[in-house]
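Colleague: One structure, pasted below without further comment.
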Amino acid sequence: MATSVPDIAEARQFTLAGSGLRPEEEQEPESQSDQRIRQPLRLVEKTLSRVGRPSGCKDGLWHRDDQEQAMLGSVVQEAGAGSAPPAPEPSRAADAPGWAPAEPQSPQSAEPMEAAEPVEPKGRGRGGVEPLPGELEALVRDVVQRSSWWERHGVDGAILALSLLAVPAGFLCLRFENVLVFGLGIVILGVCHYTLTVKGSHLATHGALTESKTWSRIWELFFVEVCTSFTAEHTKLGHVKLHHGYTNVIGLGDSSTWRLPFLNRYVYMFLAPFLIPVLTPLVALERLREVALGTALRTLSLISLGLYSHYWLLLNVSGFRTPSTALACMFVTRSLLAHPYLHVNIFQHIGLPMFSRDKKPSRVQMMSLGVLNLPRLPVLDWAFGHSIISCHVEHHFFPRLSDNMCLKVKPVLSRFLREKQLPYHQDSYRARFWLFLSRYEELMVHAPPITELVGLQ
């Protein structure tokens with residue numbers, strides 16, 4: 001059975017004594033000079049020589065995202081510590097009962113599974129590989145190997161393609177004066193908008209749509225900048241590097257960007273979602289000051305293309321006669337699923353254990369404790385994707401798997417966590433909604449309590 005969501009007070013202590021696993025002592029990356037930060041390949045070469053190859057590497061090199069994340073972790077550590085910390089003792093997790101390193105895979109046998117981002121130097125067992133992720137990766141790798149291309153990429157690609165093909169039908173429905181047909185057009189455009197902007201952008205940002213890096217970049221710019229009206233660079237930094245790299249770590253990946261403590265609970269839960277389609281491009285424009293001129297011009301051009309195309313189609317295809325009515329229709333369609341979008345983003349992390357940067361647990365404990373799945377919801381599964389709704393835990397463990405593959409490995413991960421006596425959080429949308437409405441001040445206004453994995457509960 002799934003582990004129920006713990007109260008915050010109860011979540012401050014947690015034990016893994018029953019599983020024989022001790023929290024790993026992480027090895028903080030050494031401070032690097034500004035010159036090394038500007039030379040990523042040299043830094044990665046030195047890091048690889050120290051810690052050995054992690055489980056996400058191919059041919060002796062980390063993937064590009066992992067290289068960037070290793071540098072980000074180094075910068076975060078440098079910003080928070082004035083001097084290098086003392087060297088930690090070697091991790092003893094490999095000697096714990098029931099925990100053995102995964103058997104090494106030959107290069108020809110399978111493409112290595114990429115685990116959750118980032119790959120951080122930390123306490124490790126024999127061979128330089130964490131025993132728990134290695135064991136889990138072997139199970140998931142077996143599922144991926146037995147899956148066809150259609151299961152790995154085709155299903156989600158077909159959903160996005162159908163959404164694109166349905167867009168013209170939505171614009172044509174808006175030409176009719178019949179209320180039912182006009183309403184159908186609003187629903188079609190609204191659902192298609194969120195399918196492209198949430199599901200499409202999410203998968204493209206993680207590189208889960210295709211195995212080609214070139215096409216991944218093209219789809220990322222299309223879904224994030226043209227469809228969503230946001231910046232691809234800041235999406236990558238905020239979501240992939242920080243949220244996934246430091247899940248529920250205070251000040252880094254704690255979902256604090258969703259907190260608006262100056263709003264009361266009813267305004268936040270019922271009215272604030274209407275601000276999302278307006279604030280998204282405005283925040284993107286503000287972030288353009290932090291990127292290079294060429295990147296800013298590209299982003300500004302693609303965002304303008306997406307917004308003007310929507311506006312032009314409403315005037316010339318749907319037959320709206322005034323700019324104000326066309327803009328109003330844009331607002332309605334882009335707000336159709338704004339409420340569940342905001343709610344889901346706070347339901348699945350806030351209210352669960354939060355950790356400090358210098359005392360965060362091992363990555364597996366951090367993700368199993370700090371992530372929650374919602375039940376299957378057909379409309380949201382289609383528009384947001386399984387990795388955001390019902391397979392969010394699986395997505396945090398393996399962020400480069402597509403939505404369909406997250407759904408396929410769900411039984412494997414849930415069984416694995418139960419066997420290791422680790423939590424696997426699940427709760428209903430209604431239960432989370434009433435929890436946040438009744439405990440809004442505690443969850444969304446005050447600073448969250450920090451959980452430390454100590455003692456026997």
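In the structure tokens, each chain is lettered A, B, ... as it comes, each chain's residues begin at 1, and ligands are numbered from 1 in order of appearance.
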Sort by chain and increasing residue number a table of all residues of range 210-284 of chain A within 9 Å of range 346-355 of chain A, each with its closest pair of atoms and their distance in Å to one decimal, counting only C-alpha atoms, and write it as a Markdown table.
Modeller:
| residue | atom | partner | partner_atom | distance |
| --- | --- | --- | --- | --- |
| A:Thr247 | CA | A:His349 | CA | 8.4 |
| A:Asn248 | CA | A:Met354 | CA | 5.0 |
| A:Val249 | CA | A:Phe355 | CA | 4.7 |
| A:Ile250 | CA | A:Phe355 | CA | 6.0 |
| A:Asp254 | CA | A:Met354 | CA | 7.2 |
| A:Ser255 | CA | A:Ile350 | CA | 7.0 |
| A:Ser256 | CA | A:Ile350 | CA | 8.5 |
| A:Trp258 | CA | A:Ile346 | CA | 6.9 |
| A:Arg259 | CA | A:Ile346 | CA | 8.5 |
Colleague: Looking only at helix (DSSP H, G or I) from DSSP on the backbone, list the matching residues of range 231-300 of chain A as a compact mmCIF listing (two decimals) with all heavy atoms, in the first residue's frame.
Modeller:
# COMPACT_ATOMS: atom_id res chain seq x y z
N ALA A 232 13.79 29.75 -22.59
CA ALA A 232 14.27 28.36 -22.48
C ALA A 232 15.40 28.25 -21.48
O ALA A 232 15.49 27.27 -20.73
CB ALA A 232 14.71 27.86 -23.86
N GLU A 233 16.29 29.24 -21.45
CA GLU A 233 17.44 29.19 -20.56
C GLU A 233 17.02 29.20 -19.08
O GLU A 233 17.53 28.43 -18.27
CB GLU A 233 18.39 30.36 -20.84
CG GLU A 233 19.31 30.16 -22.02
CD GLU A 233 18.56 30.17 -23.35
OE1 GLU A 233 17.49 30.82 -23.43
OE2 GLU A 233 19.04 29.54 -24.32
N HIS A 234 16.09 30.08 -18.73
CA HIS A 234 15.67 30.15 -17.34
C HIS A 234 14.77 28.97 -16.97
O HIS A 234 14.73 28.57 -15.80
CB HIS A 234 14.94 31.48 -17.07
CG HIS A 234 15.86 32.62 -16.87
ND1 HIS A 234 16.33 33.39 -17.92
CD2 HIS A 234 16.47 33.11 -15.75
CE1 HIS A 234 17.15 34.32 -17.45
NE2 HIS A 234 17.25 34.18 -16.14
N THR A 235 14.06 28.40 -17.91
CA THR A 235 13.31 27.18 -17.64
C THR A 235 14.27 26.05 -17.29
O THR A 235 14.05 25.29 -16.34
CB THR A 235 12.46 26.79 -18.86
OG1 THR A 235 11.54 27.85 -19.15
CG2 THR A 235 11.67 25.52 -18.58
N LYS A 236 15.34 25.94 -18.06
CA LYS A 236 16.34 24.89 -17.81
C LYS A 236 17.00 25.09 -16.45
O LYS A 236 17.17 24.14 -15.68
CB LYS A 236 17.40 24.95 -18.91
CG LYS A 236 18.32 23.74 -18.96
CD LYS A 236 17.76 22.70 -19.90
CE LYS A 236 18.78 21.63 -20.21
NZ LYS A 236 18.23 20.62 -21.14
N LEU A 237 17.38 26.32 -16.16
CA LEU A 237 18.05 26.61 -14.89
C LEU A 237 17.13 26.37 -13.70
O LEU A 237 17.47 25.65 -12.76
CB LEU A 237 18.56 28.05 -14.87
CG LEU A 237 19.14 28.54 -13.54
CD1 LEU A 237 20.40 27.76 -13.19
CD2 LEU A 237 19.43 30.03 -13.60
N GLY A 238 15.94 26.97 -13.74
CA GLY A 238 15.05 26.90 -12.59
C GLY A 238 14.45 25.52 -12.38
O GLY A 238 14.33 25.06 -11.23
N HIS A 239 14.10 24.84 -13.46
CA HIS A 239 13.41 23.55 -13.31
C HIS A 239 14.38 22.37 -13.26
O HIS A 239 14.36 21.57 -12.33
CB HIS A 239 12.42 23.35 -14.46
CG HIS A 239 11.63 22.08 -14.33
ND1 HIS A 239 10.61 21.93 -13.40
CD2 HIS A 239 11.71 20.90 -14.98
CE1 HIS A 239 10.10 20.72 -13.50
NE2 HIS A 239 10.76 20.06 -14.45
N VAL A 240 15.23 22.27 -14.27
CA VAL A 240 16.11 21.10 -14.36
C VAL A 240 17.25 21.18 -13.35
O VAL A 240 17.51 20.24 -12.60
CB VAL A 240 16.66 20.94 -15.80
CG1 VAL A 240 17.61 19.75 -15.88
CG2 VAL A 240 15.51 20.77 -16.78
N LYS A 241 17.95 22.32 -13.34
CA LYS A 241 19.15 22.41 -12.52
C LYS A 241 18.83 22.57 -11.03
O LYS A 241 19.47 21.92 -10.19
CB LYS A 241 20.00 23.60 -12.98
CG LYS A 241 20.33 23.61 -14.47
CD LYS A 241 21.08 22.37 -14.89
CE LYS A 241 21.41 22.42 -16.38
NZ LYS A 241 22.06 21.17 -16.82
N LEU A 242 17.88 23.43 -10.69
CA LEU A 242 17.61 23.71 -9.28
C LEU A 242 16.52 22.81 -8.71
O LEU A 242 16.72 22.13 -7.71
CB LEU A 242 17.24 25.18 -9.11
CG LEU A 242 18.38 26.18 -9.37
CD1 LEU A 242 17.88 27.61 -9.22
CD2 LEU A 242 19.55 25.92 -8.44
N HIS A 243 15.34 22.80 -9.34
CA HIS A 243 14.23 22.03 -8.78
C HIS A 243 14.54 20.54 -8.76
O HIS A 243 14.33 19.86 -7.75
CB HIS A 243 12.95 22.29 -9.58
CG HIS A 243 11.79 21.47 -9.13
ND1 HIS A 243 11.23 21.61 -7.87
CD2 HIS A 243 11.08 20.49 -9.75
CE1 HIS A 243 10.23 20.74 -7.74
NE2 HIS A 243 10.13 20.05 -8.86
N HIS A 244 15.05 20.00 -9.86
CA HIS A 244 15.38 18.58 -9.89
C HIS A 244 16.70 18.29 -9.18
O HIS A 244 16.84 17.24 -8.55
CB HIS A 244 15.44 18.08 -11.33
CG HIS A 244 14.11 17.68 -11.88
ND1 HIS A 244 13.61 16.41 -11.77
CD2 HIS A 244 13.18 18.41 -12.53
CE1 HIS A 244 12.41 16.36 -12.34
NE2 HIS A 244 12.12 17.56 -12.81
N SER A 256 9.61 27.62 -3.76
CA SER A 256 9.23 28.89 -3.11
C SER A 256 8.76 29.93 -4.12
O SER A 256 8.11 30.90 -3.73
CB SER A 256 10.42 29.44 -2.32
OG SER A 256 11.54 29.66 -3.16
N THR A 257 9.07 29.74 -5.41
CA THR A 257 8.60 30.71 -6.40
C THR A 257 7.09 30.72 -6.50
O THR A 257 6.51 31.68 -7.02
CB THR A 257 9.20 30.38 -7.78
OG1 THR A 257 8.91 29.01 -8.11
CG2 THR A 257 10.71 30.58 -7.79
N TRP A 258 6.43 29.66 -6.03
CA TRP A 258 4.98 29.59 -6.08
C TRP A 258 4.32 30.22 -4.85
O TRP A 258 3.10 30.28 -4.77
CB TRP A 258 4.52 28.13 -6.22
CG TRP A 258 4.94 27.52 -7.50
CD1 TRP A 258 6.00 26.68 -7.71
CD2 TRP A 258 4.35 27.71 -8.79
NE1 TRP A 258 6.09 26.34 -9.03
CE2 TRP A 258 5.09 26.96 -9.72
CE3 TRP A 258 3.26 28.46 -9.24
CZ2 TRP A 258 4.77 26.92 -11.07
CZ3 TRP A 258 2.95 28.41 -10.59
CH2 TRP A 258 3.69 27.66 -11.48
N ARG A 265 -5.69 33.09 1.50
CA ARG A 265 -5.88 31.75 0.93
C ARG A 265 -6.89 31.72 -0.21
O ARG A 265 -6.69 30.99 -1.20
CB ARG A 265 -6.28 30.78 2.02
CG ARG A 265 -7.64 31.02 2.65
CD ARG A 265 -7.82 30.20 3.92
NE ARG A 265 -6.93 30.70 4.96
CZ ARG A 265 -6.58 29.99 6.04
NH1 ARG A 265 -7.06 28.77 6.20
NH2 ARG A 265 -5.79 30.52 6.94
N TYR A 266 -7.95 32.48 -0.10
CA TYR A 266 -9.00 32.42 -1.12
C TYR A 266 -8.56 33.15 -2.40
O TYR A 266 -8.85 32.68 -3.51
CB TYR A 266 -10.30 33.00 -0.58
CG TYR A 266 -10.80 32.26 0.63
CD1 TYR A 266 -10.67 32.79 1.91
CD2 TYR A 266 -11.39 31.00 0.50
CE1 TYR A 266 -11.11 32.09 3.02
CE2 TYR A 266 -11.83 30.29 1.60
CZ TYR A 266 -11.69 30.84 2.86
OH TYR A 266 -12.12 30.13 3.95
N VAL A 267 -7.88 34.26 -2.23
CA VAL A 267 -7.37 34.97 -3.41
C VAL A 267 -6.35 34.11 -4.13
O VAL A 267 -6.36 33.99 -5.36
CB VAL A 267 -6.77 36.33 -3.00
CG1 VAL A 267 -6.06 36.98 -4.19
CG2 VAL A 267 -7.84 37.25 -2.46
N TYR A 268 -5.45 33.47 -3.36
CA TYR A 268 -4.40 32.66 -3.98
C TYR A 268 -4.98 31.44 -4.69
O TYR A 268 -4.63 31.15 -5.83
CB TYR A 268 -3.39 32.22 -2.92
CG TYR A 268 -2.23 31.44 -3.51
CD1 TYR A 268 -1.09 32.09 -3.97
CD2 TYR A 268 -2.28 30.05 -3.62
CE1 TYR A 268 -0.03 31.39 -4.51
CE2 TYR A 268 -1.23 29.33 -4.17
CZ TYR A 268 -0.11 30.01 -4.61
OH TYR A 268 0.93 29.30 -5.17
N MET A 269 -5.85 30.71 -4.02
CA MET A 269 -6.34 29.44 -4.57
C MET A 269 -7.34 29.62 -5.69
O MET A 269 -7.46 28.75 -6.57
CB MET A 269 -6.95 28.60 -3.45
CG MET A 269 -5.99 28.23 -2.34
SD MET A 269 -4.66 27.13 -2.86
CE MET A 269 -5.53 25.57 -2.98
N PHE A 270 -8.10 30.76 -5.70
CA PHE A 270 -9.18 30.90 -6.67
C PHE A 270 -8.95 32.01 -7.69
O PHE A 270 -9.43 31.90 -8.82
CB PHE A 270 -10.50 31.15 -5.94
CG PHE A 270 -10.94 30.00 -5.08
CD1 PHE A 270 -10.77 30.04 -3.70
CD2 PHE A 270 -11.51 28.88 -5.64
CE1 PHE A 270 -11.18 28.99 -2.91
CE2 PHE A 270 -11.93 27.82 -4.86
CZ PHE A 270 -11.76 27.87 -3.48
N LEU A 271 -8.25 33.08 -7.34
CA LEU A 271 -8.08 34.21 -8.25
C LEU A 271 -6.68 34.33 -8.84
O LEU A 271 -6.51 34.74 -9.99
CB LEU A 271 -8.45 35.52 -7.53
CG LEU A 271 -9.89 35.63 -7.04
CD1 LEU A 271 -10.12 36.97 -6.36
CD2 LEU A 271 -10.88 35.45 -8.20
N ALA A 272 -5.66 34.00 -8.05
CA ALA A 272 -4.28 34.14 -8.53
C ALA A 272 -3.99 33.37 -9.80
O ALA A 272 -3.19 33.84 -10.64
CB ALA A 272 -3.30 33.73 -7.42
N PRO A 273 -4.58 32.18 -10.03
CA PRO A 273 -4.28 31.47 -11.27
C PRO A 273 -4.59 32.27 -12.54
O PRO A 273 -3.94 32.05 -13.57
CB PRO A 273 -5.17 30.22 -11.18
CG PRO A 273 -5.31 29.97 -9.72
CD PRO A 273 -5.38 31.34 -9.10
N PHE A 274 -5.53 33.20 -12.47
CA PHE A 274 -5.84 34.00 -13.65
C PHE A 274 -4.68 34.91 -14.05
O PHE A 274 -4.66 35.43 -15.17
CB PHE A 274 -7.10 34.84 -13.41
CG PHE A 274 -8.36 34.03 -13.35
CD1 PHE A 274 -9.13 33.98 -12.19
CD2 PHE A 274 -8.80 33.31 -14.46
CE1 PHE A 274 -10.29 33.24 -12.14
CE2 PHE A 274 -9.96 32.56 -14.41
CZ PHE A 274 -10.71 32.52 -13.25
N LEU A 275 -3.73 35.13 -13.14
CA LEU A 275 -2.59 35.98 -13.46
C LEU A 275 -1.53 35.26 -14.27
O LEU A 275 -0.64 35.90 -14.85
CB LEU A 275 -1.96 36.51 -12.16
CG LEU A 275 -2.82 37.42 -11.28
CD1 LEU A 275 -2.08 37.74 -9.99
CD2 LEU A 275 -3.17 38.70 -12.04
N ILE A 276 -1.57 33.93 -14.32
CA ILE A 276 -0.50 33.16 -14.97
C ILE A 276 -0.31 33.55 -16.43
O ILE A 276 0.82 33.81 -16.86
CB ILE A 276 -0.75 31.65 -14.80
CG1 ILE A 276 -0.59 31.27 -13.33
CG2 ILE A 276 0.18 30.84 -15.69
CD1 ILE A 276 -0.89 29.82 -13.04
N PRO A 277 -1.36 33.59 -17.28
CA PRO A 277 -1.12 33.95 -18.69
C PRO A 277 -0.63 35.37 -18.88
O PRO A 277 0.00 35.67 -19.90
CB PRO A 277 -2.49 33.73 -19.35
CG PRO A 277 -3.48 33.79 -18.24
CD PRO A 277 -2.78 33.27 -17.04
N VAL A 278 -0.89 36.26 -17.92
CA VAL A 278 -0.42 37.65 -18.04
C VAL A 278 1.00 37.79 -17.53
O VAL A 278 1.85 38.44 -18.15
CB VAL A 278 -1.36 38.59 -17.26
CG1 VAL A 278 -0.85 40.02 -17.33
CG2 VAL A 278 -2.78 38.51 -17.82
N LEU A 279 1.30 37.15 -16.40
CA LEU A 279 2.61 37.30 -15.78
C LEU A 279 3.71 36.53 -16.50
O LEU A 279 4.87 36.93 -16.46
CB LEU A 279 2.55 36.85 -14.32
CG LEU A 279 1.74 37.73 -13.37
CD1 LEU A 279 1.78 37.15 -11.96
CD2 LEU A 279 2.28 39.16 -13.36
N THR A 280 3.36 35.43 -17.15
CA THR A 280 4.39 34.60 -17.78
C THR A 280 5.25 35.37 -18.78
O THR A 280 6.48 35.38 -18.66
CB THR A 280 3.76 33.36 -18.44
OG1 THR A 280 3.09 32.59 -17.44
CG2 THR A 280 4.81 32.51 -19.12
N PRO A 281 4.67 36.04 -19.79
CA PRO A 281 5.54 36.80 -20.71
C PRO A 281 6.20 38.00 -20.05
O PRO A 281 7.32 38.37 -20.44
CB PRO A 281 4.58 37.23 -21.82
CG PRO A 281 3.22 37.17 -21.24
CD PRO A 281 3.26 36.08 -20.22
N LEU A 282 5.56 38.60 -19.05
CA LEU A 282 6.17 39.75 -18.37
C LEU A 282 7.40 39.33 -17.58
O LEU A 282 8.44 40.01 -17.60
CB LEU A 282 5.15 40.41 -17.44
CG LEU A 282 3.92 41.05 -18.12
CD1 LEU A 282 2.99 41.65 -17.09
CD2 LEU A 282 4.37 42.11 -19.13
N VAL A 283 7.31 38.20 -16.89
CA VAL A 283 8.49 37.69 -16.18
C VAL A 283 9.59 37.31 -17.16
O VAL A 283 10.78 37.54 -16.91
CB VAL A 283 8.09 36.48 -15.31
CG1 VAL A 283 9.32 35.82 -14.69
CG2 VAL A 283 7.12 36.90 -14.21
N ALA A 284 9.20 36.74 -18.31
CA ALA A 284 10.20 36.39 -19.32
C ALA A 284 10.95 37.63 -19.80
O ALA A 284 12.18 37.60 -19.97
CB ALA A 284 9.52 35.69 -20.50
N LEU A 285 10.23 38.73 -20.02
CA LEU A 285 10.89 39.97 -20.45
C LEU A 285 11.85 40.47 -19.38
O LEU A 285 12.94 40.96 -19.70
CB LEU A 285 9.83 41.03 -20.76
CG LEU A 285 8.94 40.78 -21.97
CD1 LEU A 285 7.89 41.88 -22.11
CD2 LEU A 285 9.78 40.70 -23.25
N GLU A 286 11.46 40.34 -18.12
CA GLU A 286 12.36 40.79 -17.04
C GLU A 286 13.62 39.93 -16.98
O GLU A 286 14.72 40.44 -16.73
CB GLU A 286 11.59 40.73 -15.72
CG GLU A 286 12.32 41.37 -14.54
CD GLU A 286 13.26 40.41 -13.85
OE1 GLU A 286 13.02 39.19 -13.92
OE2 GLU A 286 14.25 40.88 -13.26
N ARG A 287 13.50 38.64 -17.27
CA ARG A 287 14.65 37.75 -17.22
C ARG A 287 15.60 37.95 -18.39
O ARG A 287 16.74 37.48 -18.34
CB ARG A 287 14.17 36.30 -17.20
CG ARG A 287 13.32 35.93 -16.00
CD ARG A 287 14.15 35.88 -14.73
NE ARG A 287 13.32 35.66 -13.56
CZ ARG A 287 12.94 34.48 -13.11
NH1 ARG A 287 13.30 33.39 -13.77
NH2 ARG A 287 12.21 34.38 -12.01
N LEU A 288 15.15 38.61 -19.44
CA LEU A 288 16.02 38.81 -20.61
C LEU A 288 17.21 39.69 -20.28
O LEU A 288 18.21 39.66 -21.00
CB LEU A 288 15.21 39.43 -21.76
CG LEU A 288 14.14 38.55 -22.40
CD1 LEU A 288 13.47 39.27 -23.56
CD2 LEU A 288 14.73 37.23 -22.87
N ARG A 289 17.15 40.45 -19.22
CA ARG A 289 18.28 41.28 -18.83
C ARG A 289 19.47 40.45 -18.38
O ARG A 289 20.61 40.94 -18.37
CB ARG A 289 17.88 42.23 -17.70
CG ARG A 289 16.74 43.18 -18.04
CD ARG A 289 16.44 44.08 -16.86
NE ARG A 289 16.12 43.32 -15.66
CZ ARG A 289 15.96 43.85 -14.46
NH1 ARG A 289 16.11 45.15 -14.30
NH2 ARG A 289 15.66 43.09 -13.42
N GLU A 290 19.23 39.20 -18.03
CA GLU A 290 20.29 38.36 -17.47
C GLU A 290 20.96 37.47 -18.51
O GLU A 290 21.84 36.68 -18.15
CB GLU A 290 19.70 37.49 -16.36
CG GLU A 290 18.99 38.30 -15.27
CD GLU A 290 18.24 37.40 -14.30
OE1 GLU A 290 18.44 36.17 -14.37
OE2 GLU A 290 17.46 37.93 -13.49
N LEU A 293 22.94 39.24 -25.41
CA LEU A 293 22.10 40.02 -26.32
C LEU A 293 21.50 39.14 -27.40
O LEU A 293 20.31 39.25 -27.73
CB LEU A 293 22.93 41.15 -26.94
CG LEU A 293 22.20 42.03 -27.96
CD1 LEU A 293 21.00 42.72 -27.32
CD2 LEU A 293 23.16 43.05 -28.56
N GLY A 294 22.30 38.26 -27.99
CA GLY A 294 21.79 37.38 -29.05
C GLY A 294 20.68 36.48 -28.56
O GLY A 294 19.66 36.28 -29.23
N THR A 295 20.86 35.92 -27.35
CA THR A 295 19.83 35.06 -26.76
C THR A 295 18.57 35.86 -26.46
O THR A 295 17.45 35.38 -26.69
CB THR A 295 20.36 34.42 -25.47
OG1 THR A 295 21.54 33.65 -25.77
CG2 THR A 295 19.32 33.50 -24.85
N ALA A 296 18.74 37.08 -25.98
CA ALA A 296 17.59 37.92 -25.67
C ALA A 296 16.80 38.26 -26.93
O ALA A 296 15.56 38.22 -26.92
CB ALA A 296 18.04 39.20 -24.97
N LEU A 297 17.50 38.57 -28.01
CA LEU A 297 16.81 38.89 -29.27
C LEU A 297 16.07 37.67 -29.82
O LEU A 297 14.95 37.80 -30.31
CB LEU A 297 17.82 39.41 -30.29
CG LEU A 297 18.43 40.79 -29.98
CD1 LEU A 297 19.50 41.13 -31.02
CD2 LEU A 297 17.36 41.86 -29.94
N ARG A 298 16.70 36.50 -29.73
CA ARG A 298 16.03 35.28 -30.20
C ARG A 298 14.78 35.00 -29.38
O ARG A 298 13.70 34.72 -29.94
CB ARG A 298 16.99 34.10 -30.07
CG ARG A 298 16.42 32.77 -30.55
CD ARG A 298 17.01 31.62 -29.77
NE ARG A 298 16.55 31.59 -28.39
CZ ARG A 298 17.24 31.06 -27.40
NH1 ARG A 298 18.43 30.56 -27.59
NH2 ARG A 298 16.71 31.07 -26.16
N THR A 299 14.90 35.07 -28.05
CA THR A 299 13.75 34.81 -27.19
C THR A 299 12.64 35.82 -27.43
O THR A 299 11.46 35.45 -27.51
CB THR A 299 14.19 34.84 -25.72
OG1 THR A 299 15.20 33.84 -25.51
CG2 THR A 299 13.01 34.58 -24.80
N LEU A 300 13.00 37.09 -27.54
CA LEU A 300 11.99 38.12 -27.77
C LEU A 300 11.28 37.89 -29.09
O LEU A 300 10.05 38.05 -29.19
CB LEU A 300 12.65 39.50 -27.75
CG LEU A 300 11.72 40.71 -27.85
CD1 LEU A 300 10.73 40.73 -26.69
CD2 LEU A 300 12.53 42.00 -27.90
Colleague: Using Å and a single decimal, report how far CA of Asn316 in chain A sits from CA of Leu160 in chain A.
Modeller: 24.6 Å
Colleague: Would you mind reading off the distance between CA of Leu327 in chain A and CA of Ile186 in chain A, one decimal, in Å?
Modeller: 13.2 Å
Colleague: Within 10 Å of Leu407 in chain A, counting only C-alpha atoms, which residues show up once you throw out same-chain ones fewer than 2 positions away? Write them as a list in words, please.
Modeller: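 Answer for this query is Gly385, His386, Ser387, Ser390, Cys391, His392, Glu394, His395, Leu401, Ser402, Asp403, Asn404, Met405, Val409, Lys410, Pro411 and Val412 of chain A.
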Colleague: Give the answer as one residue: which of A:Leu162, A:Ala204, A:Pro261, A:Leu302 has the shortest atom-to-atom distance to Cys227 in chain A, using only C-alpha atoms?
Modeller: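 The answer is A:Leu302, which sits nearest to Cys227 in chain A.
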Colleague: Closest to Val191 in chain A among A:His310, A:Arg146, A:Ser163, A:Ser428, using only C-alpha atoms?
Modeller: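 Residue with the minimum atom-to-atom distance to Val191 in chain A: A:Ser163.
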